[in-house]
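**Q** Below you'll find start34.cif; it's mmCIF, C-alpha atoms.
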```
data_upload
loop_
_atom_site.label_atom_id
_atom_site.label_comp_id
_atom_site.auth_asym_id
_atom_site.auth_seq_id
_atom_site.Cartn_x
_atom_site.Cartn_y
_atom_site.Cartn_z
CA MET H 247 15.23 -2.37 -4.45
CA ALA H 248 14.13 -5.20 -2.15
CA HIS H 249 10.38 -5.33 -1.56
CA VAL H 250 8.80 -6.84 1.56
CA ASP H 251 5.03 -7.16 1.17
CA LEU H 252 2.96 -7.72 4.32
CA CYS H 253 -0.74 -8.65 4.18
CA SER H 254 0.08 -9.42 0.57
CA GLY H 255 -3.28 -10.68 -0.63
CA ILE H 256 -2.93 -11.74 -4.27
CA GLY H 257 0.16 -9.60 -4.86
CA GLY H 258 -1.16 -6.24 -6.07
CA PHE H 259 1.72 -4.25 -4.59
CA ALA H 260 4.33 -6.61 -6.00
CA LEU H 261 2.73 -6.49 -9.45
CA GLY H 262 2.44 -2.70 -9.47
CA PHE H 263 6.00 -2.14 -8.28
CA GLU H 264 7.31 -4.60 -10.88
CA TRP H 265 5.42 -2.73 -13.61
CA ALA H 266 7.14 0.43 -12.37
CA GLU H 267 10.51 -1.37 -12.47
CA LEU H 268 11.02 -0.20 -8.91
CA SER H 269 11.63 -3.42 -6.98
CA LYS H 270 11.47 -7.19 -6.76
CA PRO H 271 9.64 -8.97 -3.92
CA VAL H 272 11.88 -10.78 -1.47
CA LEU H 273 9.26 -11.78 1.13
CA PHE H 274 5.48 -12.07 1.23
CA CYS H 275 3.25 -12.54 4.26
CA ASP H 276 -0.41 -13.48 4.29
CA MET H 277 -2.57 -15.57 6.60
CA GLU H 278 -4.99 -16.82 3.91
CA PRO H 279 -3.97 -20.20 2.43
CA TRP H 280 -5.59 -19.45 -0.95
CA SER H 281 -3.74 -16.13 -1.24
CA ARG H 282 -0.47 -17.90 -0.46
CA GLN H 283 -1.21 -20.36 -3.28
CA ILE H 284 -1.65 -17.47 -5.74
CA LEU H 285 1.55 -15.81 -4.57
CA ALA H 286 3.47 -19.07 -4.86
CA LYS H 287 2.14 -19.59 -8.39
CA HIS H 288 3.22 -16.19 -9.69
CA TRP H 289 6.37 -15.68 -7.58
CA PRO H 290 7.57 -19.26 -7.00
CA ASP H 291 11.02 -18.20 -5.76
CA VAL H 292 9.82 -15.74 -3.11
CA PRO H 293 9.34 -17.08 0.45
CA ILE H 294 5.96 -16.56 2.10
CA ALA H 295 5.41 -16.02 5.82
CA GLU H 296 2.01 -16.57 7.41
CA ASP H 297 1.76 -14.28 10.44
CA VAL H 298 2.67 -10.60 10.69
CA LYS H 299 2.71 -10.85 14.49
CA GLU H 300 5.43 -13.51 14.35
CA LEU H 301 7.51 -11.26 12.09
CA ALA H 302 7.00 -8.38 14.51
CA ASN H 303 8.26 -10.51 17.40
CA ASP H 304 11.28 -11.62 15.36
CA PRO H 305 11.99 -9.59 12.20
CA THR H 306 15.19 -11.54 11.43
CA ARG H 307 13.55 -13.14 8.41
CA ILE H 308 12.77 -9.73 6.94
CA ILE H 309 16.23 -8.36 7.67
CA HIS H 310 17.90 -11.36 6.02
CA ALA H 311 15.60 -11.12 2.98
CA ILE H 312 16.52 -7.47 2.44
CA GLY H 313 20.23 -7.87 3.03
CA ASP H 314 22.24 -4.74 2.27
CA ARG H 315 19.88 -3.46 -0.45
CA ARG H 316 17.66 -0.41 -0.31
CA SER H 317 14.17 -1.51 0.64
CA ILE H 318 10.48 -0.78 0.42
CA LEU H 319 7.84 -2.27 2.71
CA SER H 320 4.19 -2.36 1.67
CA CYS H 321 1.12 -3.36 3.60
CA GLY H 322 -2.61 -3.35 3.04
CA TYR H 323 -3.31 -4.05 6.70
CA PRO H 324 -6.81 -5.23 7.69
CA CYS H 325 -9.54 -2.70 7.06
CA GLN H 326 -12.25 -4.19 9.30
CA PRO H 327 -11.35 -2.11 12.38
CA PHE H 328 -12.02 1.11 10.42
CA SER H 329 -14.50 0.16 7.70
CA GLN H 330 -17.88 1.86 7.51
CA ALA H 331 -19.28 -1.56 6.60
CA GLY H 332 -18.33 -2.99 10.00
CA GLN H 333 -18.62 -2.10 13.67
CA ARG H 334 -15.59 0.25 13.58
CA ARG H 335 -14.10 -0.99 16.83
CA GLY H 336 -10.70 0.47 15.95
CA SER H 337 -7.90 -0.60 18.23
CA GLU H 338 -10.31 -2.84 20.16
CA ASP H 339 -10.77 -5.05 17.10
CA ASP H 340 -8.76 -8.29 17.20
CA ARG H 341 -7.80 -7.67 13.58
CA HIS H 342 -6.12 -4.35 14.37
CA ILE H 343 -2.44 -5.00 13.61
CA TRP H 344 -1.03 -1.52 13.04
CA PRO H 345 1.04 -1.81 16.27
CA GLU H 346 2.72 -4.93 14.83
CA ILE H 347 3.28 -3.24 11.46
CA PHE H 348 4.82 -0.24 13.20
CA SER H 349 7.01 -2.50 15.33
CA ILE H 350 8.38 -4.04 12.12
CA VAL H 351 9.01 -0.58 10.67
CA GLN H 352 10.92 0.47 13.78
CA GLN H 353 13.07 -2.66 13.81
CA VAL H 354 13.70 -3.03 10.08
CA ARG H 355 13.82 0.67 9.11
CA PRO H 356 12.86 0.29 5.42
CA ASP H 357 13.76 3.18 3.14
CA TRP H 358 10.14 3.47 1.99
CA LEU H 359 6.77 2.42 3.34
CA VAL H 360 3.52 2.28 1.34
CA CYS H 361 0.22 1.34 2.99
CA GLU H 362 -3.35 1.09 1.73
CA ASN H 363 -6.63 1.01 3.61
CA VAL H 364 -10.30 1.95 3.37
CA SER H 365 -11.59 5.51 3.43
CA GLY H 366 -13.01 4.97 6.92
CA HIS H 367 -9.45 4.90 8.23
CA ILE H 368 -9.27 8.64 7.58
CA THR H 369 -11.64 9.39 10.45
CA MET H 370 -10.52 6.53 12.68
CA GLY H 371 -6.92 5.60 13.42
CA LEU H 372 -5.08 7.58 10.75
CA ASN H 373 -3.70 10.25 13.09
CA GLU H 374 -2.17 7.50 15.23
CA VAL H 375 -0.48 5.99 12.18
CA LEU H 376 0.89 9.32 10.96
CA SER H 377 2.05 10.35 14.42
CA ASP H 378 3.83 7.03 14.91
CA LEU H 379 5.66 7.37 11.60
CA ALA H 380 6.49 11.06 11.73
CA ASP H 381 7.02 11.72 15.44
CA LYS H 382 8.31 8.38 16.74
CA ALA H 383 10.11 6.87 13.75
CA ASN H 384 11.21 10.03 11.91
CA TYR H 385 9.60 9.18 8.58
CA ALA H 386 8.36 11.89 6.24
CA VAL H 387 4.76 11.07 5.36
CA GLN H 388 2.24 12.00 2.70
CA THR H 389 -1.33 10.74 2.40
CA PHE H 390 -3.54 10.38 -0.67
CA HIS H 391 -7.18 9.52 -1.28
CA LEU H 392 -7.30 7.69 -4.61
CA GLY H 393 -9.66 5.27 -6.29
CA ALA H 394 -9.64 2.85 -9.19
CA VAL H 395 -11.53 5.56 -11.05
CA SER H 396 -8.33 7.63 -10.87
CA VAL H 397 -6.72 5.23 -13.32
CA ASP H 398 -9.83 5.17 -15.51
CA ALA H 399 -11.42 2.02 -14.15
CA ARG H 400 -15.22 1.93 -14.34
CA HIS H 401 -15.74 1.84 -10.59
CA ARG H 402 -14.70 4.18 -7.77
CA ARG H 403 -13.06 1.96 -5.11
CA MET H 404 -11.75 4.93 -3.15
CA ARG H 405 -8.90 4.08 -0.80
CA LEU H 406 -6.46 5.79 1.54
CA TRP H 407 -2.79 5.50 0.55
CA ILE H 408 0.05 6.33 2.93
CA VAL H 409 3.54 6.91 1.52
CA ALA H 410 6.42 7.36 3.95
CA ARG H 411 10.14 7.92 3.47
CA ASN H 412 12.89 7.18 5.98
CA VAL H 413 14.72 10.47 6.55
CA ALA H 414 16.73 9.44 9.59
CA ASP H 415 18.95 6.45 8.83
CA ALA H 416 21.57 5.41 6.29
CA GLN H 417 22.51 8.01 3.67
CA SER H 418 20.80 10.63 5.80
CA LYS H 419 22.81 13.48 4.32
CA ARG H 420 21.64 12.60 0.83
CA VAL H 421 18.03 12.21 1.92
CA GLN H 422 17.94 15.40 3.98
CA ARG H 423 19.52 17.42 1.17
CA HIS H 424 16.80 16.44 -1.32
CA GLY H 425 13.88 15.37 0.85
CA ALA H 426 12.65 18.57 2.46
CA SER H 427 9.35 18.44 0.57
CA TRP H 428 8.63 15.08 2.21
CA GLN H 429 8.96 16.32 5.77
CA GLN H 430 5.30 16.73 6.63
CA LYS H 431 3.80 16.52 10.11
CA PRO H 432 0.61 14.52 10.63
CA GLN H 433 -1.61 16.59 12.88
CA SER H 434 -3.15 18.82 10.21
CA TYR H 435 -1.90 16.90 7.20
CA ALA H 436 -4.40 14.09 7.55
CA ARG H 437 -7.21 16.61 7.43
CA GLU H 438 -5.80 18.74 4.60
CA LYS H 439 -4.49 16.15 2.18
CA VAL H 440 -7.08 13.45 2.64
CA SER H 441 -10.58 14.76 2.27
CA LEU H 442 -13.88 13.06 1.54
CA ARG H 443 -15.93 15.58 -0.38
CA SER H 444 -19.45 14.81 -1.53
CA SER H 445 -18.84 16.96 -4.59
CA GLU H 446 -15.88 14.86 -5.69
CA ARG H 447 -16.42 13.75 -9.27
CA PRO H 448 -15.32 10.27 -10.39
CA ARG H 449 -12.61 11.34 -12.80
CA ALA H 450 -8.82 11.42 -12.62
CA THR H 451 -8.83 15.22 -12.76
CA THR H 452 -10.38 15.34 -9.29
CA TRP H 453 -7.47 13.61 -7.54
CA ASN H 454 -6.69 15.36 -4.27
CA VAL H 455 -2.99 14.53 -4.59
CA GLU H 456 0.35 16.09 -5.33
CA SER H 457 0.82 16.88 -9.01
CA LYS H 458 3.99 14.80 -9.19
CA PHE H 459 1.86 11.68 -8.71
CA CYS H 460 -0.78 12.65 -11.26
CA GLY H 461 1.82 13.47 -13.88
CA MET H 462 3.24 9.95 -13.98
CA ALA H 463 0.64 8.57 -16.38
CA ASP H 464 2.89 7.03 -19.03
CA GLY H 465 2.91 3.26 -19.12
CA ILE H 466 -0.34 2.66 -17.21
CA PRO H 467 -1.97 -0.43 -18.71
CA TYR H 468 -5.30 0.20 -20.40
CA TRP H 469 -8.39 -1.31 -18.88
CA VAL H 470 -9.89 -3.95 -21.14
CA ASP H 471 -13.51 -3.38 -22.10
CA GLU H 472 -15.84 -6.00 -20.71
CA PRO H 473 -17.05 -8.35 -23.47
CA GLY H 474 -20.78 -7.97 -24.02
CA ASP H 475 -21.46 -11.63 -24.65
CA ILE H 476 -20.18 -12.96 -21.32
CA PRO H 477 -22.81 -13.54 -18.59
CA ARG H 478 -22.33 -11.54 -15.41
CA VAL H 479 -23.21 -14.54 -13.20
CA SER H 480 -20.82 -17.45 -13.57
CA GLN H 481 -21.50 -21.10 -12.88
CA GLY H 482 -19.04 -23.84 -12.04
CA VAL H 483 -15.99 -21.59 -11.59
CA PRO H 484 -13.35 -23.31 -9.44
CA ASN H 485 -12.61 -21.53 -6.14
CA ARG H 486 -15.19 -18.86 -6.95
CA VAL H 487 -15.65 -17.74 -3.33
CA GLN H 488 -11.89 -17.50 -2.74
CA ARG H 489 -11.42 -15.59 -5.98
CA LEU H 490 -14.11 -13.08 -5.12
CA LYS H 491 -12.65 -12.61 -1.64
CA GLY H 492 -9.17 -12.19 -3.07
CA LEU H 493 -10.33 -9.56 -5.55
CA GLY H 494 -12.40 -7.80 -2.91
CA ASN H 495 -9.39 -7.48 -0.61
CA ALA H 496 -6.93 -6.60 -3.38
CA ILE H 497 -5.37 -3.23 -3.99
CA VAL H 498 -5.43 -1.59 -7.43
CA PRO H 499 -2.00 -2.43 -8.90
CA GLN H 500 -2.21 0.42 -11.42
CA ILE H 501 -2.16 2.90 -8.51
CA ALA H 502 0.72 1.03 -6.89
CA MET H 503 2.52 1.34 -10.22
CA ARG H 504 2.14 5.13 -10.23
CA ILE H 505 3.41 5.33 -6.68
CA GLY H 506 6.31 3.07 -7.64
CA GLN H 507 7.15 5.26 -10.64
CA THR H 508 7.28 8.32 -8.42
CA ILE H 509 9.44 6.64 -5.78
CA LYS H 510 11.78 5.45 -8.52
CA ALA H 511 12.07 8.99 -9.86
CA VAL H 512 12.88 10.30 -6.37
CA GLU H 513 15.48 7.57 -5.87
CA GLU H 514 17.16 8.39 -9.18
CA THR H 515 17.47 12.09 -8.38
CA THR H 516 18.81 11.83 -4.81
#
```
Now, as a test, write the supplied structure out as structure tokens.
**A**
Amino acid sequence: MAHVDLCSGIGGFALGFEWAELSKPVLFCDMEPWSRQILAKHWPDVPIAEDVKELANDPTRIIHAIGDRRSILSCGYPCQPFSQAGQRRGSEDDRHIWPEIFSIVQQVRPDWLVCENVSGHITMGLNEVLSDLADKANYAVQTFHLGAVSVDARHRRMRLWIVARNVADAQSKRVQRHGASWQQKPQSYAREKVSLRSSERPRATTWNVESKFCGMADGIPYWVDEPGDIPRVSQGVPNRVQRLKGLGNAIVPQIAMRIGQTIKAVEETT
């Protein structure tokens, strides 16, 4: 499957989907020069665009990269418009690019779409995203609230994940025959399936997700214990600020891997 990764960061989606043996990246896009350097280092043969808005105005580059293959588009679009740590200006924020992402989805029509964003998106902007996908583009959508703790990391890092499947285009008979469970509408779904509960305990057993995602645990890489003799404050590390920013903006690739495993299983049975 051809994978187009927008707002790629340091390549968490590409890494997770490759672990799942779901797809290979065919196009990255990120505006940060340092992130593009990391992507070029690890995927030297994959082209890298710089501006999502340019791709939205002319998606030819995406269409050519995908060719005639089945496709998946991923995007961790900017969180600042929705983050509790910011001013939460929503659609008035200059960094709000969901309209451009949705324009690309409408023009390219990928078979799958996976997005990630902060928990604050649940109460600001999510209904617009789900309505666009389900009502305007005829994608079946499911939402999940998962954290790094869900794959046994020693921190929470709770995030919203949006998984959408194209149920309208090519091979529609095959998709419609097997995809009824994906045909969810957004108005109540965002409230039911994505909840922020103060009683939520930081363990994998508290995932508020479909069981088919939780059950795909085989093959998840183990987290390496932190060595006790390494200082927590480093000195003289090259590109330290860029590295911290890249890690701070990154998705958890182990979660992307589980999503990729599930999508692969669906693809193999339809």
**Q** Can you give me, as a VMD selection string, the residues this file yields under the PyMOL selection byres ((chain H and resi 402-416) around 7)?
**A** chain H and resid 356 to 365 384 to 395 400 to 401 417 to 418 421 to 422 448
**Q** Let me make sure I understand: among H:Pro484, H:Gly371, H:Pro279, H:Gly506, which one has the smallest atom-to-atom distance to Leu319 of chain H if we use all atoms listed in the file?
**A**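 Looking only at the distances to Leu319 of chain H, the closest residue turns out to be H:Gly506.
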**Q** Please compute the atom CA of Arg504 of chain H-atom CA of Phe263 of chain H distance, one decimal, in Å.
**A**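 Result for atom CA of Arg504 of chain H versus atom CA of Phe263 of chain H: 8.5 Å, one decimal.
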**Q** Tell me which protein, DNA and RNA residues are within 6 Å of Cys253 of chain H, counting all atoms listed in the file, leaving out same-chain ones fewer than 6 positions away, and put them as JSON, numbers by chain.
**A** {"H": [275, 276, 321, 322, 323]}
**Q** Please enumerate the residues selected by the PyMOL selection byres ((chain H and resi 250) around 9) when evaluated against the supplied file, formatted as a ChimeraX atom specification.
**A** /H:248-249,251-252,260,270-275,308,311-312,317-321
**Q** I want to know what sits within 10 Å of Met370 of chain H, based on all atoms listed in the file, with residues of the same chain fewer than 3 positions away left out; could you give that as a PyMOL selection string?
**A** chain H and resi 327-329+334-337+365-367+373-374
**Q** Given all atoms listed in the file as the basis, pick out the residue of H:Ser269, H:Gln500, H:Ser281, H:Thr515 nearest to Asp398 of chain H.
**A** H:Gln500
**Q** Tell me which protein, DNA and RNA residues are within 7 Å of segment 299-305 of chain H, counting all atoms listed in the file, leaving out same-chain ones fewer than 4 positions away, and put them as a list in words.
**A**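 What passes the distance filter is Ile309, Glu346, Ser349 and Ile350 of chain H.
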**Q** Excluding segment 255-259 of chain H and its own-chain neighbours fewer than 3 positions away, which residues fall within 6 Å of it when counting all atoms listed in the file? Please give them as a VMD selection string.
**A** chain H and resid 262 281 497 499 502
